>>> print(open('start-v8.pdb').read())   # PDB, C-alpha atoms, pLDDT in the B column
MODEL        1
ATOM      1  CA  MET M   1      75.691 122.323 132.522  1.00 48.00           C
ATOM      2  CA  GLY M   2      77.995 119.273 132.756  1.00 54.00           C
ATOM      3  CA  GLU M   3      75.634 117.264 130.534  1.00 57.00           C
ATOM      4  CA  GLY M   4      75.797 119.880 127.746  1.00 60.00           C
ATOM      5  CA  ARG M   5      79.576 120.014 127.877  1.00 60.00           C
ATOM      6  CA  GLY M   6      79.802 116.196 127.665  1.00 59.00           C
ATOM      7  CA  SER M   7      77.504 116.148 124.622  1.00 62.00           C
ATOM      8  CA  ALA M   8      79.651 118.787 122.909  1.00 59.00           C
ATOM      9  CA  ILE M   9      82.797 116.730 123.503  1.00 60.00           C
ATOM     10  CA  VAL M  10      81.165 113.570 122.173  1.00 54.00           C
ATOM     11  CA  ALA M  11      79.907 115.455 119.101  1.00 52.00           C
ATOM     12  CA  THR M  12      83.379 116.912 118.477  1.00 51.00           C
ATOM     13  CA  VAL M  13      85.039 113.494 118.748  1.00 46.00           C
ATOM     14  CA  LEU M  14      82.470 111.948 116.388  1.00 49.00           C
ATOM     15  CA  LEU M  15      82.957 114.765 113.864  1.00 46.00           C
ATOM     16  CA  PHE M  16      86.731 114.315 114.005  1.00 47.00           C
ATOM     17  CA  CYS M  17      86.382 110.554 113.419  1.00 47.00           C
ATOM     18  CA  LEU M  18      84.032 111.165 110.500  1.00 47.00           C
ATOM     19  CA  LEU M  19      86.452 113.622 108.887  1.00 47.00           C
ATOM     20  CA  LEU M  20      89.363 111.251 109.385  1.00 49.00           C
ATOM     21  CA  HIS M  21      87.384 108.388 107.866  1.00 47.00           C
ATOM     22  CA  CYS M  22      86.303 110.473 104.847  1.00 47.00           C
ATOM     23  CA  ASP M  23      89.899 111.369 104.053  1.00 48.00           C
ATOM     24  CA  THR M  24      91.024 107.740 103.849  1.00 50.00           C
ATOM     25  CA  ALA M  25      87.783 106.371 102.414  1.00 58.00           C
ATOM     26  CA  HIS M  26      88.261 108.230  99.151  1.00 83.00           C
ATOM     27  CA  ALA M  27      91.851 107.134  98.476  1.00 95.00           C
ATOM     28  CA  THR M  28      92.195 105.311  95.171  1.00 98.00           C
ATOM     29  CA  THR M  29      94.851 102.753  94.270  1.00 98.00           C
ATOM     30  CA  TYR M  30      96.323 102.980  90.770  1.00 98.00           C
ATOM     31  CA  ALA M  31      98.522 100.402  89.031  1.00 98.00           C
ATOM     32  CA  VAL M  32     101.037 102.585  87.209  1.00 98.00           C
ATOM     33  CA  GLY M  33     101.065 101.741  83.518  1.00 98.00           C
ATOM     34  CA  GLY M  34      97.944  99.604  83.810  1.00 97.00           C
ATOM     35  CA  ALA M  35      98.397  95.979  82.720  1.00 96.00           C
ATOM     36  CA  LYS M  36     101.870  96.722  81.267  1.00 97.00           C
ATOM     37  CA  GLY M  37     103.148  98.017  84.595  1.00 98.00           C
ATOM     38  CA  TRP M  38     106.059 100.385  85.184  1.00 98.00           C
ATOM     39  CA  THR M  39     107.902 100.149  81.884  1.00 98.00           C
ATOM     40  CA  LEU M  40     109.378 102.195  79.049  1.00 97.00           C
ATOM     41  CA  ASP M  41     107.108 104.828  77.465  1.00 96.00           C
ATOM     42  CA  VAL M  42     104.771 105.062  80.477  1.00 98.00           C
ATOM     43  CA  VAL M  43     105.128 108.867  80.543  1.00 98.00           C
ATOM     44  CA  GLY M  44     101.586 109.423  79.186  1.00 97.00           C
ATOM     45  CA  TRP M  45      99.847 107.046  81.601  1.00 98.00           C
ATOM     46  CA  PRO M  46      98.656 109.767  84.064  1.00 98.00           C
ATOM     47  CA  TYR M  47      96.817 111.774  81.366  1.00 97.00           C
ATOM     48  CA  GLY M  48      93.085 112.024  81.940  1.00 97.00           C
ATOM     49  CA  LYS M  49      93.253 110.758  85.517  1.00 98.00           C
ATOM     50  CA  ARG M  50      92.402 112.854  88.580  1.00 98.00           C
ATOM     51  CA  PHE M  51      94.721 112.178  91.491  1.00 98.00           C
ATOM     52  CA  MET M  52      94.174 113.138  95.108  1.00 98.00           C
ATOM     53  CA  ALA M  53      96.620 113.401  97.984  1.00 98.00           C
ATOM     54  CA  GLY M  54      96.563 110.041  99.752  1.00 98.00           C
ATOM     55  CA  ASP M  55      95.993 108.015  96.581  1.00 98.00           C
ATOM     56  CA  ILE M  56      98.330 105.032  96.239  1.00 98.00           C
ATOM     57  CA  LEU M  57     100.457 104.332  93.190  1.00 98.00           C
ATOM     58  CA  VAL M  58     101.485 100.700  92.741  1.00 98.00           C
ATOM     59  CA  PHE M  59     104.591 100.243  90.624  1.00 98.00           C
ATOM     60  CA  ASN M  60     104.820  96.665  89.253  1.00 98.00           C
ATOM     61  CA  TYR M  61     108.069  95.850  87.449  1.00 98.00           C
ATOM     62  CA  ASN M  62     111.033  93.476  87.178  1.00 98.00           C
ATOM     63  CA  ALA M  63     113.303  94.607  90.042  1.00 98.00           C
ATOM     64  CA  ALA M  64     116.384  93.301  88.224  1.00 98.00           C
ATOM     65  CA  ALA M  65     115.703  95.615  85.281  1.00 98.00           C
ATOM     66  CA  HIS M  66     114.092  98.745  86.802  1.00 98.00           C
ATOM     67  CA  ASP M  67     113.563 100.829  89.917  1.00 97.00           C
ATOM     68  CA  VAL M  68     111.403 103.780  90.968  1.00 97.00           C
ATOM     69  CA  VAL M  69     112.967 107.002  92.178  1.00 97.00           C
ATOM     70  CA  SER M  70     110.987 109.862  93.689  1.00 97.00           C
ATOM     71  CA  VAL M  71     112.601 113.068  92.433  1.00 96.00           C
ATOM     72  CA  ASN M  72     111.926 116.791  92.247  1.00 94.00           C
ATOM     73  CA  LYS M  73     110.984 118.664  89.060  1.00 95.00           C
ATOM     74  CA  VAL M  74     114.622 119.196  88.061  1.00 94.00           C
ATOM     75  CA  GLY M  75     115.355 115.493  88.453  1.00 95.00           C
ATOM     76  CA  TYR M  76     112.273 114.677  86.392  1.00 97.00           C
ATOM     77  CA  ASN M  77     113.128 117.104  83.586  1.00 97.00           C
ATOM     78  CA  THR M  78     116.801 116.087  83.420  1.00 97.00           C
ATOM     79  CA  CYS M  79     116.355 112.376  84.238  1.00 97.00           C
ATOM     80  CA  THR M  80     118.807 112.645  87.119  1.00 96.00           C
ATOM     81  CA  MET M  81     118.737 111.857  90.828  1.00 90.00           C
ATOM     82  CA  PRO M  82     119.549 115.068  92.718  1.00 82.00           C
ATOM     83  CA  ARG M  83     121.632 114.352  95.830  1.00 80.00           C
ATOM     84  CA  GLY M  84     119.518 114.172  98.956  1.00 69.00           C
ATOM     85  CA  ALA M  85     116.268 114.845  97.073  1.00 62.00           C
ATOM     86  CA  SER M  86     115.442 111.286  96.071  1.00 72.00           C
ATOM     87  CA  LYS M  87     114.038 108.101  97.495  1.00 93.00           C
ATOM     88  CA  VAL M  88     114.785 104.871  95.636  1.00 96.00           C
ATOM     89  CA  TYR M  89     112.328 101.957  95.578  1.00 97.00           C
ATOM     90  CA  HIS M  90     113.412  98.588  94.227  1.00 96.00           C
ATOM     91  CA  THR M  91     111.046  95.811  95.332  1.00 98.00           C
ATOM     92  CA  GLY M  92     109.206  95.417  92.014  1.00 98.00           C
ATOM     93  CA  LYS M  93     105.879  95.925  93.806  1.00 98.00           C
ATOM     94  CA  ASP M  94     106.284  99.364  95.368  1.00 98.00           C
ATOM     95  CA  GLN M  95     103.325 101.228  96.832  1.00 98.00           C
ATOM     96  CA  ILE M  96     103.752 104.983  97.143  1.00 98.00           C
ATOM     97  CA  LYS M  97     101.249 107.397  98.678  1.00 98.00           C
ATOM     98  CA  LEU M  98     100.850 110.662  96.760  1.00 98.00           C
ATOM     99  CA  VAL M  99     101.366 113.936  98.574  1.00 98.00           C
ATOM    100  CA  LYS M 100      99.425 117.080  97.764  1.00 98.00           C
ATOM    101  CA  GLY M 101     101.023 118.954  94.892  1.00 98.00           C
ATOM    102  CA  GLN M 102     103.556 117.681  92.408  1.00 98.00           C
ATOM    103  CA  ASN M 103     104.907 114.124  92.520  1.00 98.00           C
ATOM    104  CA  PHE M 104     107.660 113.024  90.139  1.00 98.00           C
ATOM    105  CA  PHE M 105     108.969 109.500  89.538  1.00 98.00           C
ATOM    106  CA  ILE M 106     111.675 108.158  87.223  1.00 98.00           C
ATOM    107  CA  CYS M 107     113.560 104.930  86.584  1.00 98.00           C
ATOM    108  CA  SER M 108     117.267 105.495  87.251  1.00 96.00           C
ATOM    109  CA  PHE M 109     118.547 102.640  85.058  1.00 97.00           C
ATOM    110  CA  PRO M 110     120.631 104.090  82.176  1.00 97.00           C
ATOM    111  CA  GLY M 111     118.474 105.325  79.283  1.00 98.00           C
ATOM    112  CA  HIS M 112     115.138 104.300  80.799  1.00 98.00           C
ATOM    113  CA  CYS M 113     113.949 107.740  81.932  1.00 98.00           C
ATOM    114  CA  GLN M 114     115.013 109.198  78.580  1.00 98.00           C
ATOM    115  CA  SER M 115     112.875 106.487  76.937  1.00 98.00           C
ATOM    116  CA  GLY M 116     109.763 107.705  78.759  1.00 98.00           C
ATOM    117  CA  MET M 117     109.999 105.693  81.986  1.00 98.00           C
ATOM    118  CA  LYS M 118     108.924 108.626  84.116  1.00 98.00           C
ATOM    119  CA  ILE M 119     105.668 110.138  85.318  1.00 98.00           C
ATOM    120  CA  ALA M 120     104.629 113.502  86.705  1.00 98.00           C
ATOM    121  CA  ILE M 121     101.458 113.684  88.785  1.00 98.00           C
ATOM    122  CA  THR M 122      99.756 116.618  90.477  1.00 98.00           C
ATOM    123  CA  ALA M 123      97.606 115.481  93.394  1.00 98.00           C
ATOM    124  CA  MET M 124      94.824 117.727  94.644  1.00 97.00           C
TER     125      MET M 124
ENDMDL
END
>>> encode(input="start-v8.pdb", output="structure tokens")
Amino acid sequence: MGEGRGSAIVATVLLFCLLLHCDTAHATTYAVGGAKGWTLDVVGWPYGKRFMAGDILVFNYNAAAHDVVSVNKVGYNTCTMPRGASKVYHTGKDQIKLVKGQNFFICSFPGHCQSGMKIAITAM
């Protein structure tokens, strides 16, 4: 009886490891904006792409001229940073992991979001 129980535990641990590995093995890394990077008029870049929770977005940009702000839907639609609802990235080579559901990003420099420097992504 002890041998059967040990086999079941080993099988459960192996299954858990396999599931954990599958989740991370399918993550895709995307360079936002492609070769142009995170810049004005990037709003249409996500179209036609299928994003999954865990995928990584890489934002490449001039940190002296831009930033990346994670906002909610209201912040995205109004190009504003709601208090307490935002995270600001400013390295010029930011890597952000998508969460399941809606993900919204804008540039907070004056006029940039209004000029299309924002993206909305729904991750499955």
>>> resolve_selection(input="start-v8.pdb", expression="the PyMOL selection byres ((chain M and resi 121) around 6)", output="short mmCIF file (atom, residue, chain, number, x, y, z; two decimals) with C-alpha atoms, keeping the file's coordinate frame")
data_model
loop_
_atom_site.label_atom_id
_atom_site.label_comp_id
_atom_site.auth_asym_id
_atom_site.auth_seq_id
_atom_site.Cartn_x
_atom_site.Cartn_y
_atom_site.Cartn_z
CA GLN M 102 103.56 117.68 92.41
CA ASN M 103 104.91 114.12 92.52
CA ALA M 120 104.63 113.50 86.70
CA THR M 122 99.76 116.62 90.48
#
>>> residues_near_point(input="start-v8.pdb", point="(105.8, 109.3, 81.9)", cutoff="10 Å", atoms="only C-alpha atoms", output="list in words")
Val32, Gly33, Trp38, Thr39, Leu40, Asp41, Val42, Val43, Gly44, Trp45, Pro46, Tyr47, Tyr76, Phe104, Phe105, Ile106, Cys113, Gln114, Ser115, Gly116, Met117, Lys118, Ile119, Ala120 and Ile121 of chain M
>>> closest_residue(input="start-v8.pdb", among="M:Val74, M:Val69, M:Ala64, M:Val58", to="M:Ala35", atoms="all atoms listed in the file")
M:Val58
>>> atom_distance(input="start-v8.pdb", atom1="atom CA of M:Leu98", atom2="atom CA of M:Tyr30")
10.7 Å
>>> resolve_selection(input="start-v8.pdb", expression="the PyMOL selection byres ((chain M and resi 123) around 6)", output="number ranges by chain")
M: 51-53, 100-101, 122, 124
>>> atom_distance(input="start-v8.pdb", atom1="atom CA of M:Ser108", atom2="atom CA of M:Ser86")
10.7 Å
>>> resolve_selection(input="start-v8.pdb", expression="the PyMOL selection byres ((chain M and resi 82) around 12)", output="list in words")
Val69, Ser70, Val71, Asn72, Lys73, Val74, Gly75, Tyr76, Asn77, Thr78, Cys79, Thr80, Met81, Arg83, Gly84, Ala85, Ser86, Lys87, Val88, Ile106 and Ser108 of chain M
>>> atom_distance(input="start-v8.pdb", atom1="atom CA of M:Phe59", atom2="atom CA of M:Val99")
16.2 Å
>>> decode(input="start-v8.pdb", residues="stretch 50-73 of chain M", atoms="N, CA, C and O atoms", output="JSON list (two decimals), in the first residue's frame")
[["chain", "number", "residue", "atom", "x", "y", "z"],
["M", 50, "ARG", "N", -2.49, 37.87, -31.22],
["M", 50, "ARG", "CA", -3.19, 37.16, -30.14],
["M", 50, "ARG", "C", -2.29, 37.12, -28.92],
["M", 50, "ARG", "O", -1.22, 36.50, -28.97],
["M", 51, "PHE", "N", -2.70, 37.78, -27.87],
["M", 51, "PHE", "CA", -1.89, 37.87, -26.66],
["M", 51, "PHE", "C", -2.43, 36.94, -25.59],
["M", 51, "PHE", "O", -3.63, 36.75, -25.44],
["M", 52, "MET", "N", -1.50, 36.39, -24.82],
["M", 52, "MET", "CA", -1.84, 35.49, -23.72],
["M", 52, "MET", "C", -1.30, 36.08, -22.42],
["M", 52, "MET", "O", -0.27, 36.77, -22.42],
["M", 53, "ALA", "N", -1.99, 35.78, -21.32],
["M", 53, "ALA", "CA", -1.47, 36.16, -20.02],
["M", 53, "ALA", "C", -0.08, 35.55, -19.86],
["M", 53, "ALA", "O", 0.14, 34.39, -20.22],
["M", 54, "GLY", "N", 0.87, 36.32, -19.38],
["M", 54, "GLY", "CA", 2.24, 35.85, -19.24],
["M", 54, "GLY", "C", 3.15, 36.29, -20.37],
["M", 54, "GLY", "O", 4.37, 36.25, -20.23],
["M", 55, "ASP", "N", 2.56, 36.71, -21.51],
["M", 55, "ASP", "CA", 3.39, 37.24, -22.59],
["M", 55, "ASP", "C", 4.10, 38.50, -22.09],
["M", 55, "ASP", "O", 3.61, 39.20, -21.19],
["M", 56, "ILE", "N", 5.25, 38.78, -22.69],
["M", 56, "ILE", "CA", 6.06, 39.93, -22.29],
["M", 56, "ILE", "C", 6.04, 40.99, -23.38],
["M", 56, "ILE", "O", 6.29, 40.69, -24.55],
["M", 57, "LEU", "N", 5.73, 42.21, -22.98],
["M", 57, "LEU", "CA", 5.83, 43.35, -23.89],
["M", 57, "LEU", "C", 7.13, 44.07, -23.59],
["M", 57, "LEU", "O", 7.43, 44.38, -22.43],
["M", 58, "VAL", "N", 7.93, 44.32, -24.63],
["M", 58, "VAL", "CA", 9.17, 45.08, -24.48],
["M", 58, "VAL", "C", 8.94, 46.45, -25.11],
["M", 58, "VAL", "O", 8.62, 46.55, -26.29],
["M", 59, "PHE", "N", 9.08, 47.48, -24.30],
["M", 59, "PHE", "CA", 8.90, 48.85, -24.76],
["M", 59, "PHE", "C", 10.29, 49.46, -24.93],
["M", 59, "PHE", "O", 10.99, 49.71, -23.96],
["M", 60, "ASN", "N", 10.69, 49.70, -26.19],
["M", 60, "ASN", "CA", 11.98, 50.33, -26.51],
["M", 60, "ASN", "C", 11.73, 51.76, -26.93],
["M", 60, "ASN", "O", 10.95, 52.02, -27.86],
["M", 61, "TYR", "N", 12.38, 52.72, -26.23],
["M", 61, "TYR", "CA", 12.14, 54.13, -26.52],
["M", 61, "TYR", "C", 13.24, 54.98, -25.91],
["M", 61, "TYR", "O", 14.03, 54.52, -25.08],
["M", 62, "ASN", "N", 13.28, 56.25, -26.29],
["M", 62, "ASN", "CA", 14.21, 57.22, -25.72],
["M", 62, "ASN", "C", 13.62, 57.67, -24.37],
["M", 62, "ASN", "O", 12.61, 58.35, -24.33],
["M", 63, "ALA", "N", 14.28, 57.30, -23.28],
["M", 63, "ALA", "CA", 13.76, 57.59, -21.94],
["M", 63, "ALA", "C", 13.71, 59.09, -21.63],
["M", 63, "ALA", "O", 12.98, 59.51, -20.73],
["M", 64, "ALA", "N", 14.45, 59.90, -22.37],
["M", 64, "ALA", "CA", 14.39, 61.34, -22.15],
["M", 64, "ALA", "C", 13.16, 61.96, -22.81],
["M", 64, "ALA", "O", 12.76, 63.07, -22.46],
["M", 65, "ALA", "N", 12.54, 61.22, -23.73],
["M", 65, "ALA", "CA", 11.42, 61.77, -24.49],
["M", 65, "ALA", "C", 10.08, 61.08, -24.22],
["M", 65, "ALA", "O", 9.03, 61.61, -24.61],
["M", 66, "HIS", "N", 10.10, 59.89, -23.61],
["M", 66, "HIS", "CA", 8.88, 59.11, -23.41],
["M", 66, "HIS", "C", 8.93, 58.34, -22.10],
["M", 66, "HIS", "O", 9.98, 58.25, -21.46],
["M", 67, "ASP", "N", 7.80, 57.75, -21.75],
["M", 67, "ASP", "CA", 7.71, 56.79, -20.66],
["M", 67, "ASP", "C", 6.59, 55.82, -20.99],
["M", 67, "ASP", "O", 5.97, 55.93, -22.06],
["M", 68, "VAL", "N", 6.36, 54.86, -20.14],
["M", 68, "VAL", "CA", 5.25, 53.92, -20.28],
["M", 68, "VAL", "C", 4.50, 53.92, -18.96],
["M", 68, "VAL", "O", 5.11, 53.77, -17.90],
["M", 69, "VAL", "N", 3.20, 54.11, -19.03],
["M", 69, "VAL", "CA", 2.38, 54.12, -17.83],
["M", 69, "VAL", "C", 1.29, 53.08, -17.99],
["M", 69, "VAL", "O", 0.54, 53.09, -18.97],
["M", 70, "SER", "N", 1.20, 52.17, -17.03],
["M", 70, "SER", "CA", 0.12, 51.19, -17.00],
["M", 70, "SER", "C", -1.08, 51.87, -16.34],
["M", 70, "SER", "O", -0.98, 52.35, -15.21],
["M", 71, "VAL", "N", -2.18, 51.93, -17.08],
["M", 71, "VAL", "CA", -3.38, 52.62, -16.58],
["M", 71, "VAL", "C", -4.60, 51.72, -16.71],
["M", 71, "VAL", "O", -4.54, 50.66, -17.33],
["M", 72, "ASN", "N", -5.71, 52.19, -16.16],
["M", 72, "ASN", "CA", -6.98, 51.48, -16.33],
["M", 72, "ASN", "C", -7.67, 52.01, -17.59],
["M", 72, "ASN", "O", -7.13, 52.86, -18.30],
["M", 73, "LYS", "N", -8.86, 51.50, -17.87],
["M", 73, "LYS", "CA", -9.58, 51.88, -19.10],
["M", 73, "LYS", "C", -9.88, 53.38, -19.15],
["M", 73, "LYS", "O", -9.77, 54.01, -20.19]]
